[in-house]
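*Asks:* Dumping the structure here so I can ask a few things about it.
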Amino acid sequence: MTTWWPFARLAAALLGIAAIVAQLSLTLQIALEATTPWGGHLPTVAVNFFSFFTILSNVSAAIALIIAAAWALGQRDPARPEPRWLSLLLVCVSTYMIVTGVVYNLLLRGIELPQGVTVPWSNEVLHVVFPLFLLLDVLVAPRRRALPWSTVLVVAVFPVVWVAYTLIRANLVIAPATGAPWWYPYPFLDPHLQGGYGGVLVYVIGIAVAIILIATVVVWIGRRRGTARSEVHATSDSAGVSSR
């Protein structure tokens with residue numbers, strides 16, 4: 001698996017990128033054909049597209065897998081675990097992608113999101129296929145390094161920043177599809193649909209708990225799978241340094 005898993009990561013990353021490009025192309029096409037100033041405002045439409053947690057998660061996951069594949073192909077020692085920074089990056093994107101899959105399939109499947117019409121195959125890749133690959137990567141990818149439990153707190157930083165960004169920006173944007181003086185990427189973040197910010201807070205807390213739980217499981221799996229290899233390699237490295 002050490003020899004071919006980098007190629008599986010590259011293939012998954014390219015599929016994810018293709019799905020993102022396909023959906024972005026359709027979204028921009030809809031904007032170009034819009035008959036209202038707000039519907040055809042391409043900068044807003046483009047920023048909205050990249051404000052979805054799904055899109056940000058998929059983009060970051062594709063980049064992380066490409067980096068991981070490049071590192072593995074350039075590192076000939078099959079016993080050497082991934083560097084700490086790379087393992088941390090993979091834990092983060094794996095958690096975000098698994099959360100994306102869970103939230104979409106539990107809360108959003110069947111609900112039309114405010115980016116316009118979706119590309120069916122792209123939608124499934126971004127919300128099902130790619131998240132499942134990241135889950136598989138957590139379970140079977142070679143060279144995983146064990147990370148400390150404090151990693152869970154690091155994983156939580158980006159979702160917190162994203163929620164703050166979303167809620168602050170929402171009332172500064174005109175929704176391209178409806179002309180409403182606000183734009184939220186997901187219905188559960190829209191206080192106009194949730195009876196106020198109290199309803200939004202319930203969803204935010206629920207998803208925050210899910211993120212922490214999933215991050216904890218991902219870190220735990222990494223510790224179970226990576227501890228022995230990391231310790232053996234660290235010992236050999238220490239022995240090599242002391243013998244010089």
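Going through the structure tokens in order, the chains are called A, B, and so on, while each chain numbers its residues from 1 and the ligands are numbered from 1 in the order shown.
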Any chance you could list, as number ranges by chain, the residues in stretch 30-230 of chain A that come up helix (DSSP H, G or I) when DSSP is run on the backbone?
*Replies:* A: 30-32, 42-49, 53-74, 84-108, 120-140, 151-170, 187-189, 197-230
*Asks:* Find the spatial neighbours of A:Val21, counting only C-alpha atoms, within a cut-off of 10 Å - ignore same-chain residues fewer than 6 positions away - and output them as an NGL selection string.
*Replies:* :A and (15 or 27 or 122)
*Asks:* Restricting the calculation to only C-alpha atoms: of A:Ala69, A:Thr3, A:Ala210, A:Asp77, which residue gets closest to A:Val155?
*Replies:*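 Answer, going by the shortest atom-to-atom distance: A:Ala210.
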*Asks:* To one decimal in Å, tell me the separation between atom CA of A:Ser57 and atom CA of A:Gln75.
*Replies:*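 If I compute the distance from atom CA of A:Ser57 to atom CA of A:Gln75, I get 26.5 Å.
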